[in-house]
file run.csv (CSV, C-alpha atoms and all ligand atoms)
chain,number,residue,atom,x,y,z
A,24,MET,CA,46.0,81.4,-5.2
A,25,THR,CA,43.6,79.3,-7.2
A,26,ALA,CA,41.7,76.5,-5.6
A,27,SER,CA,40.6,73.5,-7.7
A,28,ALA,CA,38.3,70.6,-7.1
A,29,PRO,CA,40.0,67.2,-6.6
A,30,THR,CA,38.2,65.7,-9.5
A,31,ARG,CA,39.8,65.2,-12.9
A,32,SER,CA,38.1,66.2,-16.1
A,33,MET,CA,36.7,63.5,-18.4
A,34,THR,CA,39.3,64.4,-21.1
A,35,ALA,CA,42.2,64.1,-18.7
A,36,SER,CA,41.0,60.7,-17.6
A,37,VAL,CA,40.6,59.5,-21.2
A,38,ILE,CA,44.1,60.8,-22.1
A,39,GLY,CA,45.6,59.3,-18.9
A,40,SER,CA,44.1,55.9,-19.6
A,41,ALA,CA,45.2,56.0,-23.3
A,42,ILE,CA,48.8,56.8,-22.3
A,43,MET,CA,48.7,53.9,-19.7
A,44,LEU,CA,47.4,51.5,-22.3
A,45,VAL,CA,50.1,52.5,-24.9
A,46,GLY,CA,52.8,52.3,-22.2
A,47,PHE,CA,51.6,48.8,-21.2
A,48,VAL,CA,51.7,47.6,-24.8
A,49,LEU,CA,55.2,49.1,-25.4
A,50,VAL,CA,56.5,47.5,-22.2
A,51,VAL,CA,55.2,44.1,-23.2
A,52,LEU,CA,56.6,44.4,-26.8
A,53,ALA,CA,60.0,45.6,-25.4
A,54,ALA,CA,60.1,42.6,-23.0
A,55,LEU,CA,59.4,40.2,-25.9
A,56,ARG,CA,62.4,41.6,-27.8
A,57,TRP,CA,64.7,40.8,-24.9
A,58,GLN,CA,67.2,38.9,-27.1
A,59,ALA,CA,67.6,41.8,-29.5
A,60,ASN,CA,67.6,44.4,-26.7
A,61,GLY,CA,70.2,42.7,-24.4
A,62,TRP,CA,70.3,42.3,-20.6
A,63,GLU,CA,71.3,45.9,-20.0
A,64,ALA,CA,68.1,47.2,-21.6
A,65,MET,CA,66.0,44.6,-19.7
A,66,VAL,CA,67.4,45.9,-16.4
A,67,TRP,CA,66.3,49.4,-17.5
A,68,LEU,CA,62.9,48.1,-18.4
A,69,LEU,CA,62.5,46.3,-15.0
A,70,CYS,CA,63.5,49.4,-13.1
A,71,PHE,CA,61.1,51.5,-15.3
A,72,VAL,CA,58.2,49.2,-14.3
A,73,LEU,CA,59.3,49.3,-10.6
A,74,GLN,CA,59.4,53.1,-10.8
A,75,LEU,CA,55.8,53.1,-12.0
A,76,VAL,CA,54.8,50.7,-9.2
A,77,ILE,CA,56.3,53.1,-6.7
A,78,ARG,CA,54.6,56.2,-8.2
A,79,VAL,CA,51.1,54.9,-9.2
A,80,PRO,CA,49.6,54.8,-5.7
A,81,HIS,CA,50.8,58.4,-5.1
A,82,THR,CA,49.3,59.6,-8.4
A,83,ARG,CA,45.9,58.0,-7.5
A,84,ARG,CA,45.9,59.4,-4.0
A,85,ALA,CA,46.9,62.9,-5.2
A,86,ARG,CA,43.8,63.0,-7.5
A,87,GLY,CA,41.6,63.1,-4.4
A,88,ILE,CA,43.4,66.0,-2.7
A,89,ALA,CA,42.4,69.5,-3.8
A,90,ILE,CA,45.1,71.8,-5.2
A,91,ALA,CA,45.4,75.1,-3.3
A,92,ASP,CA,48.0,76.8,-5.5
A,93,ARG,CA,49.1,75.9,-9.0
A,94,ARG,CA,52.0,77.7,-10.8
A,95,LYS,CA,51.5,77.3,-14.5
A,96,ASP,CA,54.8,77.9,-16.3
A,97,ALA,CA,55.3,77.2,-20.0
A,98,SER,CA,59.0,76.5,-19.6
A,99,GLU,CA,58.3,74.0,-16.8
A,100,GLN,CA,55.7,72.3,-18.9
A,101,LEU,CA,58.2,72.0,-21.8
A,102,VAL,CA,60.8,70.4,-19.4
A,103,LEU,CA,58.2,67.9,-18.2
A,104,GLY,CA,57.4,67.0,-21.8
A,105,PHE,CA,61.1,66.6,-22.6
A,106,MET,CA,61.5,64.3,-19.6
A,107,PHE,CA,58.5,62.2,-20.6
A,108,LEU,CA,60.0,61.9,-24.1
A,109,ALA,CA,63.6,61.2,-23.1
A,110,MET,CA,63.1,59.0,-20.1
A,111,MET,CA,59.9,57.2,-21.0
A,112,PHE,CA,58.5,57.4,-24.5
A,113,LEU,CA,61.7,57.2,-26.7
A,114,PRO,CA,63.3,54.3,-24.8
A,115,LEU,CA,60.1,52.3,-24.8
A,116,LEU,CA,59.5,53.0,-28.5
A,117,HIS,CA,63.1,52.0,-29.3
A,118,LEU,CA,63.1,48.8,-27.2
A,119,SER,CA,59.7,47.7,-28.4
A,120,SER,CA,60.5,48.2,-32.1
A,121,GLY,CA,64.2,48.9,-32.7
A,122,ALA,CA,63.1,52.2,-34.3
A,123,PHE,CA,66.4,54.0,-33.5
A,124,ALA,CA,68.8,51.1,-34.2
A,125,PHE,CA,70.8,53.5,-36.5
A,126,ALA,CA,71.8,55.5,-33.3
A,127,ASP,CA,72.9,52.4,-31.2
A,128,TYR,CA,76.4,52.2,-29.6
A,129,ARG,CA,78.0,49.4,-27.7
A,130,LEU,CA,79.7,49.7,-24.3
A,131,PRO,CA,81.8,47.2,-22.5
A,132,VAL,CA,80.0,44.9,-20.0
A,133,TRP,CA,81.3,46.8,-16.9
A,134,ALA,CA,79.4,49.9,-18.1
A,135,GLY,CA,76.1,48.0,-18.0
A,136,ILE,CA,77.0,46.6,-14.6
A,137,VAL,CA,77.6,50.2,-13.3
A,138,GLY,CA,74.3,51.3,-14.8
A,139,ALA,CA,72.5,48.4,-13.1
A,140,VAL,CA,74.1,49.1,-9.7
A,141,VAL,CA,73.2,52.9,-10.0
A,142,GLN,CA,69.5,51.8,-10.4
A,143,LEU,CA,69.5,50.5,-6.8
A,144,PRO,CA,70.0,53.9,-5.0
A,145,PHE,CA,67.7,55.4,-7.6
A,146,LEU,CA,64.8,53.1,-6.7
A,147,TRP,CA,65.4,53.4,-3.0
A,148,LEU,CA,65.5,57.3,-3.1
A,149,PHE,CA,62.5,57.4,-5.4
A,150,TRP,CA,60.5,55.2,-3.0
A,151,ARG,CA,61.6,57.0,0.1
A,152,SER,CA,61.0,60.5,-1.3
A,153,HIS,CA,57.5,59.6,-2.3
A,154,ALA,CA,56.8,58.0,1.1
A,155,ASP,CA,58.3,61.0,3.0
A,156,LEU,CA,56.4,63.7,1.0
A,157,GLY,CA,53.2,61.7,1.4
A,158,ILE,CA,50.1,63.8,0.6
A,159,ASN,CA,52.3,66.8,-0.3
A,160,TRP,CA,53.6,65.1,-3.5
A,161,SER,CA,52.5,66.6,-6.8
A,162,PRO,CA,53.8,65.9,-10.3
A,163,GLY,CA,53.6,69.6,-11.2
A,164,LEU,CA,54.3,72.9,-9.5
A,165,GLU,CA,51.4,72.7,-7.1
A,166,LEU,CA,50.6,73.0,-3.4
A,167,ARG,CA,47.8,70.8,-1.9
A,168,GLU,CA,45.1,71.8,0.5
A,169,GLY,CA,46.8,71.6,4.0
A,170,HIS,CA,50.2,71.4,2.4
A,171,GLY,CA,53.0,71.1,5.1
A,172,LEU,CA,56.7,71.6,4.7
A,173,VAL,CA,58.4,68.2,5.0
A,174,THR,CA,61.8,68.4,6.7
A,175,SER,CA,62.2,64.8,7.9
A,176,GLY,CA,63.3,61.4,6.4
A,177,VAL,CA,65.3,61.9,3.2
A,178,TYR,CA,64.2,65.6,3.3
A,179,ALA,CA,66.2,66.1,6.5
A,180,ARG,CA,69.5,67.0,4.7
A,181,ILE,CA,68.5,67.2,1.0
A,182,ARG,CA,65.8,69.5,-0.5
A,183,HIS,CA,65.4,67.5,-3.8
A,184,PRO,CA,65.9,63.8,-3.1
A,185,MET,CA,63.3,62.9,-5.8
A,186,TYR,CA,65.2,64.8,-8.4
A,187,ALA,CA,68.5,63.4,-7.1
A,188,ALA,CA,66.9,60.0,-7.7
A,189,LEU,CA,65.9,61.0,-11.2
A,190,PHE,CA,69.4,62.2,-11.9
A,191,LEU,CA,70.8,58.9,-10.9
A,192,SER,CA,68.3,57.2,-13.3
A,193,ALA,CA,69.3,59.6,-16.1
A,194,LEU,CA,73.0,58.8,-15.6
A,195,ALA,CA,72.3,55.1,-15.7
A,196,GLN,CA,70.0,55.2,-18.8
A,197,PRO,CA,72.8,55.7,-21.4
A,198,LEU,CA,74.7,52.8,-19.8
A,199,LEU,CA,71.7,50.5,-20.0
A,200,VAL,CA,69.9,51.7,-23.1
A,201,GLN,CA,72.9,52.1,-25.4
A,202,ASN,CA,71.4,54.5,-27.9
A,203,TRP,CA,72.0,58.2,-28.6
A,204,LEU,CA,68.3,59.0,-28.7
A,205,ALA,CA,66.7,56.5,-26.4
A,206,GLY,CA,69.5,56.6,-23.8
A,207,VAL,CA,71.7,59.7,-23.9
A,208,LEU,CA,68.9,62.3,-24.2
A,209,ALA,CA,67.9,61.5,-20.6
A,210,ILE,CA,70.9,63.5,-19.4
A,211,PRO,CA,70.0,66.9,-21.0
A,212,ALA,CA,66.4,66.2,-19.9
A,213,ALA,CA,67.5,65.9,-16.3
A,214,ALA,CA,69.7,69.0,-16.6
A,215,ALA,CA,66.7,70.9,-17.9
A,216,LEU,CA,64.7,69.8,-14.8
A,217,TRP,CA,67.5,71.1,-12.7
A,218,PHE,CA,67.9,74.5,-14.4
A,219,VAL,CA,64.2,75.3,-15.0
A,220,ARG,CA,62.1,73.5,-12.5
A,221,VAL,CA,64.2,73.7,-9.3
A,222,PRO,CA,64.4,77.5,-9.1
A,223,LEU,CA,60.6,77.8,-9.8
A,224,GLU,CA,59.8,75.2,-7.2
A,225,GLU,CA,62.0,76.8,-4.6
A,226,LYS,CA,60.4,80.2,-5.3
A,227,MET,CA,56.9,78.7,-4.8
A,228,MET,CA,58.1,77.1,-1.5
A,229,ARG,CA,59.6,80.4,-0.3
A,230,ASP,CA,56.5,82.3,-1.2
A,231,THR,CA,54.4,79.9,0.8
A,232,PHE,CA,56.5,78.9,3.8
A,233,GLY,CA,58.7,82.1,4.1
A,234,SER,CA,61.2,82.0,6.9
A,235,GLU,CA,60.5,78.4,7.7
A,236,TYR,CA,61.7,77.5,4.2
A,237,GLN,CA,64.7,79.8,4.4
A,238,THR,CA,65.8,78.2,7.6
A,239,TYR,CA,65.3,74.7,6.0
A,240,CYS,CA,67.4,75.8,3.0
A,241,ALA,CA,70.2,77.0,5.2
A,242,ARG,CA,70.6,73.5,6.8
A,243,THR,CA,70.1,71.4,3.7
A,244,GLY,CA,71.8,70.8,0.3
A,245,ARG,CA,69.8,70.9,-2.9
A,246,LEU,CA,71.0,67.5,-4.2
A,247,LEU,CA,73.8,66.4,-1.9
A,248,PRO,CA,73.3,66.1,1.9
A,249,LYS,CA,74.5,69.0,4.0
A,250,PHE,CA,75.9,68.2,7.4
A,251,THR,CA,76.0,71.1,9.7
A,252,ALA,CA,77.5,71.0,13.2
B,301,LIG,N1,61.7,68.7,-5.3
B,301,LIG,C1,61.3,67.7,-4.4
B,301,LIG,C2,59.9,67.3,-4.5
B,301,LIG,C3,59.5,66.8,-5.9
B,301,LIG,S1,57.7,66.6,-6.1
B,301,LIG,C4,62.2,66.5,-4.5
B,301,LIG,O1,63.0,66.4,-5.5
B,301,LIG,O2,62.2,65.6,-3.7
B,301,LIG,C5,57.2,68.3,-6.4
B,301,LIG,C6,56.3,68.9,-5.4
B,301,LIG,O3,56.7,68.6,-4.0
B,301,LIG,C7,56.3,70.4,-5.4
B,301,LIG,O4,55.3,70.8,-6.3
B,301,LIG,C8,56.0,70.8,-4.0
B,301,LIG,O5,54.6,71.0,-3.9
B,301,LIG,C9,56.3,69.6,-3.2
B,301,LIG,N2,57.5,69.8,-2.3
B,301,LIG,C10,58.8,70.0,-2.6
B,301,LIG,N3,59.6,70.0,-1.5
B,301,LIG,C11,58.7,69.9,-0.5
B,301,LIG,C12,58.9,69.9,0.9
B,301,LIG,N4,60.2,70.0,1.5
B,301,LIG,N5,57.8,69.7,1.7
B,301,LIG,C13,56.6,69.6,1.2
B,301,LIG,N6,56.4,69.7,-0.1
B,301,LIG,C14,57.4,69.8,-0.9
call {"tool": "encode", "arguments": {"input": "run.csv", "output": "structure tokens"}}
result
Amino acid sequence: MTASAPTRSMTASVIGSAIMLVGFVLVVLAALRWQANGWEAMVWLLCFVLQLVIRVPHTRRARGIAIADRRKDASEQLVLGFMFLAMMFLPLLHLSSGAFAFADYRLPVWAGIVGAVVQLPFLWLFWRSHADLGINWSPGLELREGHGLVTSGVYARIRHPMYAALFLSALAQPLLVQNWLAGVLAIPAAAALWFVRVPLEEKMMRDTFGSEYQTYCARTGRLLPKFTA
């Protein structure tokens, strides 16, 4: 176990602020290209911004809570990088500049409507999972000081509701951002999260919470709710 102070290094703050600034500029440019991008991509952009609105307060609060245990894993870092690329950077770059227009495809209107509808449970589950995890949320494989096992709210029957939300978003993305690079890549990125991060995270939770976590696993599903008698 390695304890770390709740303060961020200067370099991390500068990098974080630079990413936020670039992201903001790309969102504005993407919105200005609404006619070229089409309504489906604008739905994606709106939901992307709402997702940030949900997450930012949790990111800020988490900075003030010390980390008690951090599992550094190169494969998990690669997966997070791939997700950042496929679900944030590439779609924003494409929608703000048309950079990947050569990889565009066109789907019927109903496909865009399905994508837009799927964003509703995504946003709800994303919001609820952050709210229910509270101070126990971390972007990485980390446990906070005083970390407790959450087994209520959306965690009562599913162990990974936040990832379930991200999978819904990854399924909707190719329907809304109709491009092989800026849309479809979200699906393998979400699959990588599932195959690499989930086993590592469950091991960390088992190591920490032991039989309490085993019992919790027995009565919950990973992604789909488990209903026991
Ligand atoms: N996998 C969960 C949580 C994602 S956030 C989900 O999809 O909803 C990742 C962090 O949440 C992990 O690093 C771990 O510290 C924490 N975490 C995951 N499940 C938890 C639980 N049931 N109770 C408390 N913390 C949990």
call {"tool": "residues_around", "arguments": {"input": "run.csv", "residues": "Ala54 in chain A", "least_positions_apart": "2", "cutoff": "8 Å", "atoms": "only C-alpha atoms", "output": "PyMOL selection string"}}
result
chain A and resi 50-52+56-57+65+68+119
call {"tool": "residues_near_ligand", "arguments": {"input": "run.csv", "ligand": "ligand LIG 301 (chain B)", "cutoff": "6 Å", "atoms": "all atoms listed in the file", "output": "mmCIF file with C-alpha atoms, keeping the file's coordinate frame"}}
result
data_model
loop_
_atom_site.group_PDB
_atom_site.id
_atom_site.type_symbol
_atom_site.label_atom_id
_atom_site.label_comp_id
_atom_site.auth_asym_id
_atom_site.auth_seq_id
_atom_site.Cartn_x
_atom_site.Cartn_y
_atom_site.Cartn_z
ATOM 1 C CA SER A 152 61.000 60.500 -1.300
ATOM 2 C CA LEU A 156 56.400 63.700 1.000
ATOM 3 C CA ASN A 159 52.300 66.800 -0.300
ATOM 4 C CA TRP A 160 53.600 65.100 -3.500
ATOM 5 C CA SER A 161 52.500 66.600 -6.800
ATOM 6 C CA PRO A 162 53.800 65.900 -10.300
ATOM 7 C CA GLY A 163 53.600 69.600 -11.200
ATOM 8 C CA LEU A 164 54.300 72.900 -9.500
ATOM 9 C CA GLU A 165 51.400 72.700 -7.100
ATOM 10 C CA LEU A 166 50.600 73.000 -3.400
ATOM 11 C CA GLY A 171 53.000 71.100 5.100
ATOM 12 C CA LEU A 172 56.700 71.600 4.700
ATOM 13 C CA VAL A 173 58.400 68.200 5.000
ATOM 14 C CA THR A 174 61.800 68.400 6.700
ATOM 15 C CA ARG A 182 65.800 69.500 -0.500
ATOM 16 C CA HIS A 183 65.400 67.500 -3.800
ATOM 17 C CA PRO A 184 65.900 63.800 -3.100
ATOM 18 C CA MET A 185 63.300 62.900 -5.800
ATOM 19 C CA TYR A 186 65.200 64.800 -8.400
#
call {"tool": "residues_around", "arguments": {"input": "run.csv", "residues": "range 213-218 of chain A", "least_positions_apart": "2", "cutoff": "12 Å", "atoms": "all atoms listed in the file", "output": "PDB file with C-alpha atoms, keeping the file's coordinate frame"}}
result
ATOM      1  CA  SER A  98      59.000  76.500 -19.600  1.00  0.00           C
ATOM      2  CA  GLU A  99      58.300  74.000 -16.800  1.00  0.00           C
ATOM      3  CA  GLN A 100      55.700  72.300 -18.900  1.00  0.00           C
ATOM      4  CA  LEU A 101      58.200  72.000 -21.800  1.00  0.00           C
ATOM      5  CA  VAL A 102      60.800  70.400 -19.400  1.00  0.00           C
ATOM      6  CA  LEU A 103      58.200  67.900 -18.200  1.00  0.00           C
ATOM      7  CA  GLY A 104      57.400  67.000 -21.800  1.00  0.00           C
ATOM      8  CA  PHE A 105      61.100  66.600 -22.600  1.00  0.00           C
ATOM      9  CA  MET A 106      61.500  64.300 -19.600  1.00  0.00           C
ATOM     10  CA  PHE A 107      58.500  62.200 -20.600  1.00  0.00           C
ATOM     11  CA  LEU A 108      60.000  61.900 -24.100  1.00  0.00           C
ATOM     12  CA  ALA A 109      63.600  61.200 -23.100  1.00  0.00           C
ATOM     13  CA  MET A 110      63.100  59.000 -20.100  1.00  0.00           C
ATOM     14  CA  GLY A 163      53.600  69.600 -11.200  1.00  0.00           C
ATOM     15  CA  HIS A 183      65.400  67.500  -3.800  1.00  0.00           C
ATOM     16  CA  MET A 185      63.300  62.900  -5.800  1.00  0.00           C
ATOM     17  CA  TYR A 186      65.200  64.800  -8.400  1.00  0.00           C
ATOM     18  CA  ALA A 187      68.500  63.400  -7.100  1.00  0.00           C
ATOM     19  CA  ALA A 188      66.900  60.000  -7.700  1.00  0.00           C
ATOM     20  CA  LEU A 189      65.900  61.000 -11.200  1.00  0.00           C
ATOM     21  CA  PHE A 190      69.400  62.200 -11.900  1.00  0.00           C
ATOM     22  CA  LEU A 191      70.800  58.900 -10.900  1.00  0.00           C
ATOM     23  CA  SER A 192      68.300  57.200 -13.300  1.00  0.00           C
ATOM     24  CA  ALA A 193      69.300  59.600 -16.100  1.00  0.00           C
ATOM     25  CA  LEU A 194      73.000  58.800 -15.600  1.00  0.00           C
ATOM     26  CA  ALA A 195      72.300  55.100 -15.700  1.00  0.00           C
ATOM     27  CA  GLN A 196      70.000  55.200 -18.800  1.00  0.00           C
ATOM     28  CA  VAL A 207      71.700  59.700 -23.900  1.00  0.00           C
ATOM     29  CA  LEU A 208      68.900  62.300 -24.200  1.00  0.00           C
ATOM     30  CA  ALA A 209      67.900  61.500 -20.600  1.00  0.00           C
ATOM     31  CA  ILE A 210      70.900  63.500 -19.400  1.00  0.00           C
ATOM     32  CA  PRO A 211      70.000  66.900 -21.000  1.00  0.00           C
ATOM     33  CA  ARG A 220      62.100  73.500 -12.500  1.00  0.00           C
ATOM     34  CA  VAL A 221      64.200  73.700  -9.300  1.00  0.00           C
ATOM     35  CA  PRO A 222      64.400  77.500  -9.100  1.00  0.00           C
ATOM     36  CA  LEU A 223      60.600  77.800  -9.800  1.00  0.00           C
ATOM     37  CA  GLU A 224      59.800  75.200  -7.200  1.00  0.00           C
ATOM     38  CA  GLU A 225      62.000  76.800  -4.600  1.00  0.00           C
ATOM     39  CA  ARG A 245      69.800  70.900  -2.900  1.00  0.00           C
ATOM     40  CA  LEU A 246      71.000  67.500  -4.200  1.00  0.00           C
TER      41      LEU A 246
END
call {"tool": "atom_distance", "arguments": {"input": "run.csv", "atom1": "CA of Arg84 in chain A", "atom2": "CA of Val219 in chain A"}}
result
26.6 Å
call {"tool": "atom_distance", "arguments": {"input": "run.csv", "atom1": "CA of Leu204 in chain A", "atom2": "CA of Trp147 in chain A"}}
result
26.5 Å
call {"tool": "residues_around", "arguments": {"input": "run.csv", "residues": "range 36-45 of chain A", "least_positions_apart": "4", "cutoff": "12 Å", "atoms": "all atoms listed in the file", "output": "ChimeraX atom specification"}}
result
/A:30-32,49-52,72,75,79,82-83,86,107,111-112,115-116,119
